[in-house]
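Pasted below: entry.cif, mmCIF, C-alpha atoms, pLDDT in the B column; chains and numbers go by the auth columns.
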```cif
data_work
#
loop_
_atom_site.group_PDB
_atom_site.id
_atom_site.type_symbol
_atom_site.label_atom_id
_atom_site.label_comp_id
_atom_site.label_asym_id
_atom_site.label_seq_id
_atom_site.Cartn_x
_atom_site.Cartn_y
_atom_site.Cartn_z
_atom_site.B_iso_or_equiv
_atom_site.auth_seq_id
_atom_site.auth_asym_id
ATOM 1 C CA MET A 1 0.000 0.000 0.000 91.00 13 A
ATOM 2 C CA ARG A 2 2.926 2.308 0.589 95.00 14 A
ATOM 3 C CA ALA A 3 3.919 1.790 -3.051 95.00 15 A
ATOM 4 C CA MET A 4 0.402 2.772 -4.103 96.00 16 A
ATOM 5 C CA ASP A 5 0.545 5.884 -1.923 97.00 17 A
ATOM 6 C CA LEU A 6 3.936 6.890 -3.314 97.00 18 A
ATOM 7 C CA GLY A 7 2.860 6.194 -6.889 96.00 19 A
ATOM 8 C CA ALA A 8 -0.202 8.381 -6.412 96.00 20 A
ATOM 9 C CA GLU A 9 1.973 11.216 -5.082 97.00 21 A
ATOM 10 C CA LEU A 10 4.147 10.922 -8.189 97.00 22 A
ATOM 11 C CA GLY A 11 1.159 10.848 -10.547 97.00 23 A
ATOM 12 C CA ALA A 12 1.174 7.159 -11.495 96.00 24 A
ATOM 13 C CA LYS A 13 -1.866 5.889 -13.399 95.00 25 A
ATOM 14 C CA THR A 14 -1.028 2.157 -13.461 94.00 26 A
ATOM 15 C CA PHE A 15 -0.091 -0.167 -10.604 94.00 27 A
ATOM 16 C CA VAL A 16 1.786 -3.304 -11.710 91.00 28 A
ATOM 17 C CA LEU A 17 1.533 -6.588 -9.826 86.00 29 A
ATOM 18 C CA TRP A 18 4.263 -9.069 -10.694 81.00 30 A
ATOM 19 C CA GLY A 19 3.355 -12.649 -9.894 71.00 31 A
ATOM 20 C CA GLY A 20 6.683 -14.195 -10.849 64.00 32 A
ATOM 21 C CA ARG A 21 7.472 -15.401 -7.340 67.00 33 A
ATOM 22 C CA GLU A 22 4.024 -16.883 -6.642 71.00 34 A
ATOM 23 C CA GLY A 23 4.498 -20.568 -7.228 71.00 35 A
ATOM 24 C CA VAL A 24 6.338 -23.662 -6.087 68.00 36 A
ATOM 25 C CA GLU A 25 9.308 -25.800 -6.964 68.00 37 A
ATOM 26 C CA THR A 26 7.712 -29.066 -5.811 67.00 38 A
ATOM 27 C CA ASP A 27 4.150 -30.211 -5.169 67.00 39 A
ATOM 28 C CA ALA A 28 4.951 -30.698 -1.484 68.00 40 A
ATOM 29 C CA CYS A 29 5.734 -27.020 -0.854 69.00 41 A
ATOM 30 C CA ARG A 30 2.229 -25.656 -0.204 73.00 42 A
ATOM 31 C CA ARG A 31 -1.369 -26.076 -1.196 81.00 43 A
ATOM 32 C CA ALA A 32 -1.927 -24.290 -4.480 78.00 44 A
ATOM 33 C CA ASP A 33 -5.622 -23.670 -3.794 82.00 45 A
ATOM 34 C CA GLU A 34 -4.820 -21.862 -0.530 86.00 46 A
ATOM 35 C CA ALA A 35 -2.028 -19.829 -2.129 82.00 47 A
ATOM 36 C CA VAL A 36 -4.263 -18.684 -4.996 83.00 48 A
ATOM 37 C CA LYS A 37 -7.028 -17.867 -2.502 87.00 49 A
ATOM 38 C CA ARG A 38 -4.609 -15.640 -0.544 88.00 50 A
ATOM 39 C CA LEU A 39 -3.458 -13.981 -3.775 86.00 51 A
ATOM 40 C CA ARG A 40 -7.085 -13.248 -4.723 86.00 52 A
ATOM 41 C CA GLU A 41 -7.753 -11.797 -1.254 89.00 53 A
ATOM 42 C CA ALA A 42 -4.650 -9.601 -1.472 88.00 54 A
ATOM 43 C CA VAL A 43 -5.601 -8.210 -4.882 88.00 55 A
ATOM 44 C CA ASN A 44 -9.166 -7.627 -3.671 87.00 56 A
ATOM 45 C CA PHE A 45 -7.773 -5.703 -0.704 92.00 57 A
ATOM 46 C CA LEU A 46 -5.562 -3.550 -2.931 92.00 58 A
ATOM 47 C CA CYS A 47 -8.456 -2.817 -5.296 89.00 59 A
ATOM 48 C CA GLU A 48 -10.635 -1.738 -2.395 91.00 60 A
ATOM 49 C CA TYR A 49 -7.801 0.429 -1.060 96.00 61 A
ATOM 50 C CA ASN A 50 -7.451 1.959 -4.530 94.00 62 A
ATOM 51 C CA VAL A 51 -11.150 2.853 -4.622 91.00 63 A
ATOM 52 C CA ASP A 52 -11.282 4.055 -1.003 94.00 64 A
ATOM 53 C CA CYS A 53 -8.312 6.386 -1.539 96.00 65 A
ATOM 54 C CA GLY A 54 -9.643 7.627 -4.871 94.00 66 A
ATOM 55 C CA TYR A 55 -6.410 6.789 -6.694 95.00 67 A
ATOM 56 C CA LYS A 56 -8.099 5.532 -9.898 90.00 68 A
ATOM 57 C CA TYR A 57 -5.233 3.161 -10.662 93.00 69 A
ATOM 58 C CA ARG A 58 -5.519 0.668 -13.446 89.00 70 A
ATOM 59 C CA PHE A 59 -3.987 -2.597 -12.317 88.00 71 A
ATOM 60 C CA ALA A 60 -1.574 -4.416 -14.600 87.00 72 A
ATOM 61 C CA MET A 61 -0.924 -8.028 -13.687 85.00 73 A
ATOM 62 C CA GLU A 62 2.274 -9.175 -15.311 83.00 74 A
ATOM 63 C CA SER A 63 2.501 -12.846 -16.169 80.00 75 A
ATOM 64 C CA LYS A 64 5.900 -14.511 -16.120 73.00 76 A
ATOM 65 C CA PRO A 65 5.730 -18.032 -17.549 74.00 77 A
ATOM 66 C CA ASN A 66 9.408 -18.882 -17.144 72.00 78 A
ATOM 67 C CA GLU A 67 10.670 -17.227 -13.983 67.00 79 A
ATOM 68 C CA PRO A 68 11.720 -17.832 -11.292 63.00 80 A
ATOM 69 C CA ARG A 69 9.627 -20.805 -10.088 63.00 81 A
ATOM 70 C CA GLY A 70 9.224 -24.256 -11.560 67.00 82 A
ATOM 71 C CA ASP A 71 5.428 -24.025 -11.351 74.00 83 A
ATOM 72 C CA ILE A 72 4.100 -20.455 -11.331 77.00 84 A
ATOM 73 C CA TYR A 73 0.462 -19.971 -10.358 78.00 85 A
ATOM 74 C CA MET A 74 -0.183 -17.021 -12.685 80.00 86 A
ATOM 75 C CA ALA A 75 1.970 -17.932 -15.661 80.00 87 A
ATOM 76 C CA THR A 76 -0.239 -16.458 -18.388 80.00 88 A
ATOM 77 C CA THR A 77 -2.789 -13.711 -18.907 79.00 89 A
ATOM 78 C CA GLY A 78 -5.458 -16.408 -18.964 80.00 90 A
ATOM 79 C CA HIS A 79 -4.525 -17.454 -15.439 80.00 91 A
ATOM 80 C CA TYR A 80 -5.016 -13.891 -14.234 80.00 92 A
ATOM 81 C CA LEU A 81 -8.342 -13.576 -16.067 79.00 93 A
ATOM 82 C CA GLY A 82 -9.537 -16.729 -14.330 82.00 94 A
ATOM 83 C CA LEU A 83 -8.480 -15.476 -10.905 80.00 95 A
ATOM 84 C CA PHE A 84 -11.596 -13.355 -10.351 76.00 96 A
ATOM 85 C CA PRO A 85 -15.253 -13.974 -11.097 74.00 97 A
ATOM 86 C CA ARG A 86 -16.835 -11.566 -13.564 70.00 98 A
ATOM 87 C CA SER A 87 -19.109 -10.201 -10.842 66.00 99 A
ATOM 88 C CA THR A 88 -16.092 -9.013 -8.846 68.00 100 A
ATOM 89 C CA ILE A 89 -14.592 -7.262 -11.859 66.00 101 A
ATOM 90 C CA ARG A 90 -17.934 -5.576 -12.634 66.00 102 A
ATOM 91 C CA ARG A 91 -18.204 -4.368 -9.012 65.00 103 A
ATOM 92 C CA TRP A 92 -14.694 -2.848 -9.105 61.00 104 A
ATOM 93 C CA SER A 93 -15.420 -1.154 -12.416 63.00 105 A
ATOM 94 C CA ALA A 94 -18.702 0.275 -11.138 60.00 106 A
ATOM 95 C CA SER A 95 -17.007 1.544 -7.957 58.00 107 A
ATOM 96 C CA ILE A 96 -14.293 3.292 -9.902 54.00 108 A
ATOM 97 C CA ARG A 97 -16.724 4.822 -12.423 60.00 109 A
ATOM 98 C CA SER A 98 -19.018 6.105 -9.659 60.00 110 A
ATOM 99 C CA ARG A 99 -16.135 8.056 -8.099 55.00 111 A
ATOM 100 C CA THR A 100 -15.087 9.866 -11.295 52.00 112 A
#
```
Could you show the structure in this file as C-alpha cells?
Amino acid sequence: MRAMDLGAELGAKTFVLWGGREGVETDACRRADEAVKRLREAVNFLCEYNVDCGYKYRFAMESKPNEPRGDIYMATTGHYLGLFPRSTIRRWSASIRSRT
C-alpha cells in the first residue's frame, strides 16, 4: 500500500503486480488452492484500497511463464483472467466509475 501511496503522489496511473514469485518448486511445498485464494484476497484488498483512496489506478498483472519458479500460479494472462469472477470485476469497475 505504501507503493500505491507513493505512486499516487508521483502521478502514477497504473499499478503493476508481478506474480513471478508466486508458485512452487515441488508439489509438497504448499497447497496451491490456498495460495491462490490468498493472492485473490490480497488483490481484492488492494483494489478496495485503490477505490477508497480515490487513486483511480488501473492494475496491470504481469505474467511470467518462465521465472523464477518451476510451477508459477499465474503464468499467463489467462490465469489472471480466471483469478476473479466476472461479478467481482464488474463491481470494481462500477465503484471506480461512480467516483469519477
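For Phe71 (chain A), the set of protein, DNA and RNA residues having any atom at most 9 Å away, when counting only C-alpha atoms and skipping those fewer than 6 positions along the same chain, is Lys25, Thr26, Phe27, Val28, Leu29 and Cys59 of chain A.
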Can you list, as a list in words, the residues that the PyMOL selection byres ((chain A and resi 14) around 12) selects here?
Met13, Ala15, Met16, Asp17, Leu18, Gly19, Ala20, Glu21, Phe27, Leu58, Tyr61 and Asn62 of chain A
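Note that the spacing between CA of Arg42 (chain A) and CA of Pro97 (chain A) amounts to 23.7 Å.
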Taking 5 positions as the minimum chain separation for residues in the same chain, which residues sit within 9 Å of Glu74 (chain A) when counting all atoms listed in the file? Answer as number ranges by chain.
A: 28-32, 86-89, 92
Given all atoms listed in the file as the counted atoms, nearest of A:Tyr85, A:Asp64, A:Gly90, A:Arg70 to Arg52 (chain A)
A:Tyr85
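When all atoms listed in the file are used to measure the gap to Gly35 (chain A), the shortest distance among A:Asp83, A:Leu22, A:Leu93, A:Ala54 belongs to A:Asp83.
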Using CA of Ala47 (chain A) and CA of Gly66 (chain A) as the two end points, give the distance in Å to one decimal.
28.6 Å
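Using all atoms listed in the file, the shortest contact distance between Gly94 (chain A) and any of A:Val48, A:Glu60, A:Lys68, A:Lys76 is found at A:Val48.
Among the candidates A:Met73, A:Arg43, A:Tyr67, A:Phe57, the residue lying nearest to Leu95 (chain A) is A:Met73 (atoms considered: only C-alpha atoms).
The coordinates place CA of Lys49 (chain A) at 21.2 Å from CA of Val63 (chain A).
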